[in-house]
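Worksheet: the structure to be examined is printed underneath.
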Amino acid sequence: SKTNTNESTVTIYADVEDTGGAGIEEVSFNGWFGGNWKTTHSKVSGTYDSTNERYYATFTFSDIKHTSTGEKGNGEGTYTFEAVAIDKAGNFIDSSNINVIYDTTKPTCTITADKPSPTNASTIIYTFTFSEEVTGFTEDDITVINGTKETFTIKSNREYTLEVKNTESCTQTVRVATNTITDMAGNLNTYQYSHNVTIDKDKPTPGTIAMKLENGEDYMPDTWAEQDVSIYVNNGSDGQSGHKSTTYRIVQIDEKNEIREPYVSANIFVPSDYI
């Protein structure tokens, strides 16, 4: 089996049965890390718990050292423990191993959205990706500003999604507060995580067109001109997401008030331009 802890010590239990009838001489426990690096430093004599009729031993992770190098195993990682029982006739047996993951690293979270910012979408799906497996994370741990929570989905112990609805222009925020995320060892997140998306449902203000004759006078629409006509255009504006572009067309109208082909089309990307 496997367990996780952020404590500096761990207690291992073993149920020992004297099947031969000679009596139990000794029960000891071994602990090691990094594969099969068993060490005498990690051997602990078992203590008998008469109430629960089993033996136990407490290990301190920093006391477990490699036999040859003396390297301490007080870092994070997987530690392995076993119990060894010897009866008074000299028979012994090893128990099955148990793995304990020593983990003191606090979990982190990355929040992403399936829509860019700004957007006019009515639904946004936010993904919460954690640096490690977490437990107990629900939609109640997520705060939504300017939106309505919809479907919450558990993709895995490291990835969750939340669908959020909106109805008007706003800045939508999803947030996970501190001490909300718990990893498998019991570590809590130190930092708050959030993601903002600008929702823009307002139509932009259209641009304007000014026409002047070659002599500088304003051209009067629907009149004939013997001079060249210069056309000045100003882009539209948008207070929410910013103006992207304005498209203008220069067309010829025939006597039936219909547009003749070809016509000139231009996209203007700056506040003021000249055609």
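Naming scheme: A, B, ... for chains in displayed order of the structure tokens; residues 1 onward per chain; ligands 1 onward as shown.
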Need to verify the contact set: segment 6-11 of chain A, 8 Å, only C-alpha atoms, exclusion of same-chain residues closer than 3 positions in sequence. Can you return it as a PDB file with N, CA, C and O atoms, in the first residue's frame?
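Once everything was written out, this is result_15.pdb:
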```pdb
ATOM      1  N   TYR A  56       4.533  -1.832  16.754  1.00  0.00           N
ATOM      2  CA  TYR A  56       4.670  -0.592  15.990  1.00  0.00           C
ATOM      3  C   TYR A  56       6.048   0.014  16.230  1.00  0.00           C
ATOM      4  O   TYR A  56       6.741  -0.309  17.207  1.00  0.00           O
ATOM      5  N   ALA A  57       6.448   0.893  15.327  1.00  0.00           N
ATOM      6  CA  ALA A  57       7.713   1.629  15.446  1.00  0.00           C
ATOM      7  C   ALA A  57       7.546   2.977  14.766  1.00  0.00           C
ATOM      8  O   ALA A  57       6.852   3.095  13.753  1.00  0.00           O
ATOM      9  N   THR A  58       8.182   3.994  15.327  1.00  0.00           N
ATOM     10  CA  THR A  58       8.120   5.346  14.767  1.00  0.00           C
ATOM     11  C   THR A  58       9.466   5.717  14.161  1.00  0.00           C
ATOM     12  O   THR A  58      10.510   5.588  14.816  1.00  0.00           O
ATOM     13  N   PHE A  59       9.437   6.155  12.914  1.00  0.00           N
ATOM     14  CA  PHE A  59      10.647   6.560  12.194  1.00  0.00           C
ATOM     15  C   PHE A  59      10.643   8.083  12.004  1.00  0.00           C
ATOM     16  O   PHE A  59       9.596   8.691  11.777  1.00  0.00           O
ATOM     17  N   THR A  60      11.825   8.657  12.089  1.00  0.00           N
ATOM     18  CA  THR A  60      12.034  10.050  11.696  1.00  0.00           C
ATOM     19  C   THR A  60      12.732  10.036  10.344  1.00  0.00           C
ATOM     20  O   THR A  60      13.778   9.399  10.192  1.00  0.00           O
ATOM     21  N   PHE A  61      12.157  10.701   9.371  1.00  0.00           N
ATOM     22  CA  PHE A  61      12.689  10.623   8.003  1.00  0.00           C
ATOM     23  C   PHE A  61      14.156  11.044   7.942  1.00  0.00           C
ATOM     24  O   PHE A  61      14.946  10.454   7.204  1.00  0.00           O
ATOM     25  N   SER A  62      14.538  12.037   8.734  1.00  0.00           N
ATOM     26  CA  SER A  62      15.923  12.527   8.673  1.00  0.00           C
ATOM     27  C   SER A  62      16.918  11.549   9.273  1.00  0.00           C
ATOM     28  O   SER A  62      18.128  11.714   9.111  1.00  0.00           O
ATOM     29  N   TYR A 102       6.887  11.081   1.430  1.00  0.00           N
ATOM     30  CA  TYR A 102       7.126  12.248   2.283  1.00  0.00           C
ATOM     31  C   TYR A 102       7.073  13.497   1.391  1.00  0.00           C
ATOM     32  O   TYR A 102       7.892  13.658   0.485  1.00  0.00           O
ATOM     33  N   ASP A 103       6.109  14.387   1.655  1.00  0.00           N
ATOM     34  CA  ASP A 103       5.842  15.510   0.755  1.00  0.00           C
ATOM     35  C   ASP A 103       5.541  16.749   1.585  1.00  0.00           C
ATOM     36  O   ASP A 103       4.554  16.783   2.328  1.00  0.00           O
ATOM     37  N   THR A 104       6.381  17.780   1.464  1.00  0.00           N
ATOM     38  CA  THR A 104       6.139  19.048   2.161  1.00  0.00           C
ATOM     39  C   THR A 104       5.937  20.208   1.194  1.00  0.00           C
ATOM     40  O   THR A 104       5.853  21.361   1.611  1.00  0.00           O
ATOM     41  N   ALA A 185      -0.830  14.849   0.773  1.00  0.00           N
ATOM     42  CA  ALA A 185      -0.082  14.805   2.029  1.00  0.00           C
ATOM     43  C   ALA A 185      -0.636  15.779   3.058  1.00  0.00           C
ATOM     44  O   ALA A 185      -0.136  15.840   4.183  1.00  0.00           O
ATOM     45  N   GLY A 186      -1.636  16.571   2.656  1.00  0.00           N
ATOM     46  CA  GLY A 186      -2.231  17.532   3.581  1.00  0.00           C
ATOM     47  C   GLY A 186      -1.674  18.935   3.481  1.00  0.00           C
ATOM     48  O   GLY A 186      -2.045  19.810   4.280  1.00  0.00           O
ATOM     49  N   ASN A 187      -0.789  19.209   2.514  1.00  0.00           N
ATOM     50  CA  ASN A 187      -0.264  20.557   2.326  1.00  0.00           C
ATOM     51  C   ASN A 187      -1.319  21.457   1.694  1.00  0.00           C
ATOM     52  O   ASN A 187      -2.035  21.037   0.779  1.00  0.00           O
TER      53      ASN A 187
END
```
Within 8 Å of Ala14 of chain A using only C-alpha atoms, minus same-chain residues under 2 positions, as a list in words: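 The filter keeps Ile12, Val16, Arg54, Tyr55, Tyr56, Ala83 and Ser95 of chain A.
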Writer output for current selection, all heavy atoms, as a compact mmCIF listing (two decimals), in the first residue's frame:
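The resulting file, part_37.txt, is reproduced below:
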```
# COMPACT_ATOMS: atom_id res chain seq x y z
N ILE A 12 4.76 2.99 11.84
CA ILE A 12 4.43 1.80 11.06
C ILE A 12 3.92 0.72 12.02
O ILE A 12 4.50 0.50 13.09
CB ILE A 12 5.67 1.28 10.30
CG1 ILE A 12 6.30 2.41 9.47
CG2 ILE A 12 5.29 0.10 9.39
CD1 ILE A 12 5.39 3.01 8.43
N VAL A 16 1.50 -9.43 14.14
CA VAL A 16 2.40 -10.59 14.16
C VAL A 16 1.71 -11.75 14.88
O VAL A 16 1.20 -11.59 16.00
CB VAL A 16 3.72 -10.25 14.85
CG1 VAL A 16 4.64 -11.48 14.87
CG2 VAL A 16 4.41 -9.08 14.14
N ARG A 54 -0.66 -5.66 18.51
CA ARG A 54 0.20 -5.49 17.34
C ARG A 54 1.45 -4.72 17.75
O ARG A 54 1.51 -4.09 18.81
CB ARG A 54 -0.53 -4.76 16.22
CG ARG A 54 -1.02 -3.37 16.59
CD ARG A 54 -1.76 -2.74 15.43
NE ARG A 54 -2.25 -1.40 15.76
CZ ARG A 54 -2.86 -0.62 14.89
NH1 ARG A 54 -3.09 -1.03 13.65
NH2 ARG A 54 -3.27 0.58 15.26
N TYR A 55 2.45 -4.76 16.88
CA TYR A 55 3.71 -4.07 17.12
C TYR A 55 3.74 -2.79 16.28
O TYR A 55 3.10 -2.69 15.22
CB TYR A 55 4.89 -4.95 16.74
CG TYR A 55 5.09 -6.13 17.67
CD1 TYR A 55 4.34 -7.30 17.51
CD2 TYR A 55 6.02 -6.07 18.69
CE1 TYR A 55 4.52 -8.39 18.36
CE2 TYR A 55 6.22 -7.16 19.55
CZ TYR A 55 5.46 -8.31 19.38
OH TYR A 55 5.64 -9.38 20.23
N TYR A 56 4.53 -1.83 16.75
CA TYR A 56 4.67 -0.59 15.99
C TYR A 56 6.05 0.01 16.23
O TYR A 56 6.74 -0.31 17.21
CB TYR A 56 3.58 0.42 16.37
CG TYR A 56 3.70 0.98 17.77
CD1 TYR A 56 4.43 2.14 18.02
CD2 TYR A 56 3.11 0.33 18.85
CE1 TYR A 56 4.55 2.65 19.30
CE2 TYR A 56 3.21 0.83 20.14
CZ TYR A 56 3.94 1.99 20.35
OH TYR A 56 4.06 2.49 21.63
N ALA A 83 8.37 -4.91 8.34
CA ALA A 83 8.54 -5.48 9.68
C ALA A 83 9.19 -6.86 9.56
O ALA A 83 8.89 -7.61 8.63
CB ALA A 83 7.19 -5.59 10.38
N SER A 95 7.64 -8.96 6.55
CA SER A 95 6.28 -8.57 6.17
C SER A 95 6.29 -8.01 4.75
O SER A 95 7.35 -7.78 4.15
CB SER A 95 5.75 -7.50 7.12
OG SER A 95 6.47 -6.28 6.93
```
Would you mind listing what lies within 9 Å of Ala89 of chain A as a PyMOL selection string, with only C-alpha atoms counted and same-chain residues fewer than 6 positions away left out? chain A and resi 20+22-25
Could you write out that same residue set with C-alpha atoms as a short mmCIF file (atom, residue, chain, number, x, y, z; two decimals), in the first residue's frame?
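Below you can see again-v7.cif, which holds the result:
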```
data_model
loop_
_atom_site.label_atom_id
_atom_site.label_comp_id
_atom_site.auth_asym_id
_atom_site.auth_seq_id
_atom_site.Cartn_x
_atom_site.Cartn_y
_atom_site.Cartn_z
CA GLY A 20 4.68 -22.25 15.45
CA ALA A 22 7.70 -21.12 20.07
CA GLY A 23 6.92 -17.55 21.07
CA ILE A 24 7.97 -14.24 19.55
CA GLU A 25 11.57 -13.30 20.29
#
```
Please list as a PyMOL selection string every residue within 9 Å of Asn97 of chain A, counting only C-alpha atoms and excluding residues in the same chain fewer than 4 positions away. chain A and resi 1+80-83
Deliver the residues from the most recent selection as a file, using N, CA, C and O atoms, as an mmCIF file, in the first residue's frame.
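File selection_22.cif, as written:
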```cif
data_model
loop_
_atom_site.group_PDB
_atom_site.id
_atom_site.type_symbol
_atom_site.label_atom_id
_atom_site.label_comp_id
_atom_site.auth_asym_id
_atom_site.auth_seq_id
_atom_site.Cartn_x
_atom_site.Cartn_y
_atom_site.Cartn_z
ATOM 1 N N SER A 1 0.845 -1.185 0.000
ATOM 2 C CA SER A 1 0.000 0.000 0.000
ATOM 3 C C SER A 1 0.882 1.237 0.000
ATOM 4 O O SER A 1 2.085 1.149 0.170
ATOM 5 N N THR A 80 10.351 3.279 1.966
ATOM 6 C CA THR A 80 9.788 1.933 2.074
ATOM 7 C C THR A 80 10.070 1.372 3.465
ATOM 8 O O THR A 80 11.177 1.526 3.990
ATOM 9 N N PHE A 81 9.062 0.709 4.037
ATOM 10 C CA PHE A 81 9.197 0.150 5.380
ATOM 11 C C PHE A 81 8.711 -1.297 5.388
ATOM 12 O O PHE A 81 7.833 -1.683 4.616
ATOM 13 N N GLU A 82 9.312 -2.096 6.299
ATOM 14 C CA GLU A 82 8.897 -3.481 6.479
ATOM 15 C C GLU A 82 9.065 -3.865 7.944
ATOM 16 O O GLU A 82 9.820 -3.228 8.692
ATOM 17 N N ALA A 83 8.374 -4.913 8.343
ATOM 18 C CA ALA A 83 8.539 -5.483 9.685
ATOM 19 C C ALA A 83 9.186 -6.856 9.562
ATOM 20 O O ALA A 83 8.888 -7.611 8.631
#
```
Could you name the residues that touch Thr112 of chain A at 7 Å or less, counting only C-alpha atoms, but leaving out those on the same chain fewer than 6 positions away, as a compact mmCIF listing (two decimals) with N, CA, C and O atoms, in the first residue's frame?
```
# COMPACT_ATOMS: atom_id res chain seq x y z
N TYR A 126 -13.46 27.38 -17.75
CA TYR A 126 -12.18 27.59 -17.08
C TYR A 126 -11.61 26.24 -16.65
O TYR A 126 -12.34 25.38 -16.16
N THR A 127 -10.30 26.07 -16.86
CA THR A 127 -9.62 24.84 -16.46
C THR A 127 -8.66 25.15 -15.32
O THR A 127 -7.88 26.10 -15.38
N PHE A 128 -8.73 24.32 -14.28
CA PHE A 128 -7.88 24.46 -13.10
C PHE A 128 -6.91 23.28 -13.08
O PHE A 128 -7.32 22.13 -12.89
N HIS A 195 -8.02 34.39 -12.57
CA HIS A 195 -7.94 34.60 -14.02
C HIS A 195 -9.07 35.55 -14.40
O HIS A 195 -10.22 35.39 -13.97
```
Between A:Val134, A:Ala121, A:Ile64, A:Ile86, which one has atoms that come closest to Ile181 of chain A, using only C-alpha atoms? A:Val134
Could you list, as a PyMOL selection string, every residue within 9 Å of segment 145-161 of chain A, counting only C-alpha atoms and ignoring same-chain residues fewer than 6 positions away? chain A and resi 125-135+137-139+167-168+170-175
Save out the residues we just selected, N, CA and C atoms, as a PDB file, in the first residue's frame.
```pdb
ATOM      1  N   ILE A 125     -15.374  28.251 -20.400  1.00  0.00           N
ATOM      2  CA  ILE A 125     -14.975  27.098 -19.598  1.00  0.00           C
ATOM      3  C   ILE A 125     -13.568  27.360 -19.062  1.00  0.00           C
ATOM      4  N   TYR A 126     -13.461  27.383 -17.751  1.00  0.00           N
ATOM      5  CA  TYR A 126     -12.175  27.588 -17.081  1.00  0.00           C
ATOM      6  C   TYR A 126     -11.607  26.238 -16.651  1.00  0.00           C
ATOM      7  N   THR A 127     -10.297  26.070 -16.859  1.00  0.00           N
ATOM      8  CA  THR A 127      -9.617  24.838 -16.461  1.00  0.00           C
ATOM      9  C   THR A 127      -8.662  25.149 -15.316  1.00  0.00           C
ATOM     10  N   PHE A 128      -8.733  24.325 -14.275  1.00  0.00           N
ATOM     11  CA  PHE A 128      -7.880  24.463 -13.096  1.00  0.00           C
ATOM     12  C   PHE A 128      -6.909  23.279 -13.082  1.00  0.00           C
ATOM     13  N   THR A 129      -5.645  23.564 -13.328  1.00  0.00           N
ATOM     14  CA  THR A 129      -4.620  22.527 -13.401  1.00  0.00           C
ATOM     15  C   THR A 129      -3.677  22.671 -12.210  1.00  0.00           C
ATOM     16  N   PHE A 130      -3.524  21.597 -11.433  1.00  0.00           N
ATOM     17  CA  PHE A 130      -2.722  21.641 -10.218  1.00  0.00           C
ATOM     18  C   PHE A 130      -1.359  20.999 -10.442  1.00  0.00           C
ATOM     19  N   SER A 131      -0.396  21.413  -9.637  1.00  0.00           N
ATOM     20  CA  SER A 131       0.979  20.929  -9.780  1.00  0.00           C
ATOM     21  C   SER A 131       1.124  19.480  -9.333  1.00  0.00           C
ATOM     22  N   GLU A 132       0.141  18.970  -8.589  1.00  0.00           N
ATOM     23  CA  GLU A 132       0.150  17.592  -8.111  1.00  0.00           C
ATOM     24  C   GLU A 132      -1.288  17.183  -7.816  1.00  0.00           C
ATOM     25  N   GLU A 133      -1.497  15.931  -7.497  1.00  0.00           N
ATOM     26  CA  GLU A 133      -2.836  15.459  -7.181  1.00  0.00           C
ATOM     27  C   GLU A 133      -3.357  16.143  -5.921  1.00  0.00           C
ATOM     28  N   VAL A 134      -4.626  16.559  -5.956  1.00  0.00           N
ATOM     29  CA  VAL A 134      -5.253  17.214  -4.811  1.00  0.00           C
ATOM     30  C   VAL A 134      -6.502  16.438  -4.426  1.00  0.00           C
ATOM     31  N   THR A 135      -7.022  16.748  -3.263  1.00  0.00           N
ATOM     32  CA  THR A 135      -8.198  16.042  -2.772  1.00  0.00           C
ATOM     33  C   THR A 135      -9.201  17.039  -2.209  1.00  0.00           C
ATOM     34  N   PHE A 137     -11.313  19.059  -3.718  1.00  0.00           N
ATOM     35  CA  PHE A 137     -11.551  20.312  -4.443  1.00  0.00           C
ATOM     36  C   PHE A 137     -12.922  20.276  -5.104  1.00  0.00           C
ATOM     37  N   THR A 138     -13.780  21.266  -4.817  1.00  0.00           N
ATOM     38  CA  THR A 138     -15.129  21.334  -5.381  1.00  0.00           C
ATOM     39  C   THR A 138     -15.383  22.724  -5.946  1.00  0.00           C
ATOM     40  N   GLU A 139     -16.534  22.897  -6.579  1.00  0.00           N
ATOM     41  CA  GLU A 139     -16.877  24.204  -7.138  1.00  0.00           C
ATOM     42  C   GLU A 139     -17.086  25.245  -6.046  1.00  0.00           C
ATOM     43  N   THR A 167     -24.037  37.490 -19.076  1.00  0.00           N
ATOM     44  CA  THR A 167     -25.133  38.093 -19.855  1.00  0.00           C
ATOM     45  C   THR A 167     -24.847  39.510 -20.302  1.00  0.00           C
ATOM     46  N   GLU A 168     -23.794  40.142 -19.801  1.00  0.00           N
ATOM     47  CA  GLU A 168     -23.540  41.536 -20.149  1.00  0.00           C
ATOM     48  C   GLU A 168     -22.052  41.823 -20.128  1.00  0.00           C
ATOM     49  N   CYS A 170     -18.572  43.037 -18.987  1.00  0.00           N
ATOM     50  CA  CYS A 170     -17.994  43.105 -17.648  1.00  0.00           C
ATOM     51  C   CYS A 170     -16.575  42.556 -17.695  1.00  0.00           C
ATOM     52  N   THR A 171     -15.909  42.628 -16.563  1.00  0.00           N
ATOM     53  CA  THR A 171     -14.664  41.883 -16.364  1.00  0.00           C
ATOM     54  C   THR A 171     -14.994  40.696 -15.478  1.00  0.00           C
ATOM     55  N   GLN A 172     -14.887  39.501 -16.035  1.00  0.00           N
ATOM     56  CA  GLN A 172     -15.232  38.294 -15.291  1.00  0.00           C
ATOM     57  C   GLN A 172     -13.975  37.725 -14.629  1.00  0.00           C
ATOM     58  N   THR A 173     -14.101  37.378 -13.358  1.00  0.00           N
ATOM     59  CA  THR A 173     -12.975  36.863 -12.588  1.00  0.00           C
ATOM     60  C   THR A 173     -13.348  35.545 -11.934  1.00  0.00           C
ATOM     61  N   VAL A 174     -12.465  34.558 -12.054  1.00  0.00           N
ATOM     62  CA  VAL A 174     -12.590  33.323 -11.267  1.00  0.00           C
ATOM     63  C   VAL A 174     -11.369  33.256 -10.352  1.00  0.00           C
ATOM     64  N   ARG A 175     -11.588  32.788  -9.120  1.00  0.00           N
ATOM     65  CA  ARG A 175     -10.523  32.875  -8.126  1.00  0.00           C
ATOM     66  C   ARG A 175     -10.549  31.656  -7.210  1.00  0.00           C
TER      67      ARG A 175
END
```
Residues flagged strand (DSSP E) by DSSP in segment 131-186 of chain A, as a ChimeraX atom specification: /A:134-135,142-145,148-154,159-165,170-176,182-183
Give me the residues within 8 Å of Thr78 of chain A as a list in words, counting only C-alpha atoms and dropping any in the same chain fewer than 5 places off.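 Within the cut-off, the hits are Phe33, Gly34, Asn99, Val100, Ile101 and Tyr102 of chain A.
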Write to file, as a compact mmCIF listing (two decimals), in the first residue's frame, the residues of the selection just made, with N, CA, C and O atoms.
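File produced: selection_17.txt:
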```txt
# COMPACT_ATOMS: atom_id res chain seq x y z
N PHE A 33 15.13 4.35 1.64
CA PHE A 33 14.66 5.17 0.53
C PHE A 33 15.58 4.98 -0.66
O PHE A 33 16.69 4.49 -0.52
N GLY A 34 15.11 5.35 -1.82
CA GLY A 34 15.94 5.26 -3.02
C GLY A 34 16.17 3.84 -3.46
O GLY A 34 17.32 3.40 -3.61
N ASN A 99 4.87 1.62 1.29
CA ASN A 99 5.53 2.83 0.77
C ASN A 99 4.87 4.07 1.35
O ASN A 99 3.63 4.17 1.37
N VAL A 100 5.69 4.99 1.80
CA VAL A 100 5.20 6.27 2.33
C VAL A 100 5.85 7.40 1.55
O VAL A 100 7.09 7.44 1.44
N ILE A 101 5.04 8.28 1.01
CA ILE A 101 5.56 9.43 0.27
C ILE A 101 5.66 10.62 1.22
O ILE A 101 4.64 11.08 1.76
N TYR A 102 6.89 11.08 1.43
CA TYR A 102 7.13 12.25 2.28
C TYR A 102 7.07 13.50 1.39
O TYR A 102 7.89 13.66 0.48
```
May I ask for the distance between atom CA of Lys88 of chain A and atom CA of Trp32 of chain A, given in Å to one decimal place?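 Taking atom CA of Lys88 of chain A as the start and atom CA of Trp32 of chain A as the end point, the length is 26.7 Å.
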Find the residue from A:Asn257, A:Thr3, A:Asn91, A:Gln192 that sits nearest to Glu26 of chain A; use only C-alpha atoms when measuring.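 Nearest candidate to Glu26 of chain A out of A:Asn257, A:Thr3, A:Asn91, A:Gln192: A:Asn91.
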Measuring atom to atom with only C-alpha atoms, identify which of A:Asn120, A:Thr47, A:Asn235, A:Thr108 is nearest to Asn179 of chain A.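 The closest residue to Asn179 of chain A is A:Thr108.
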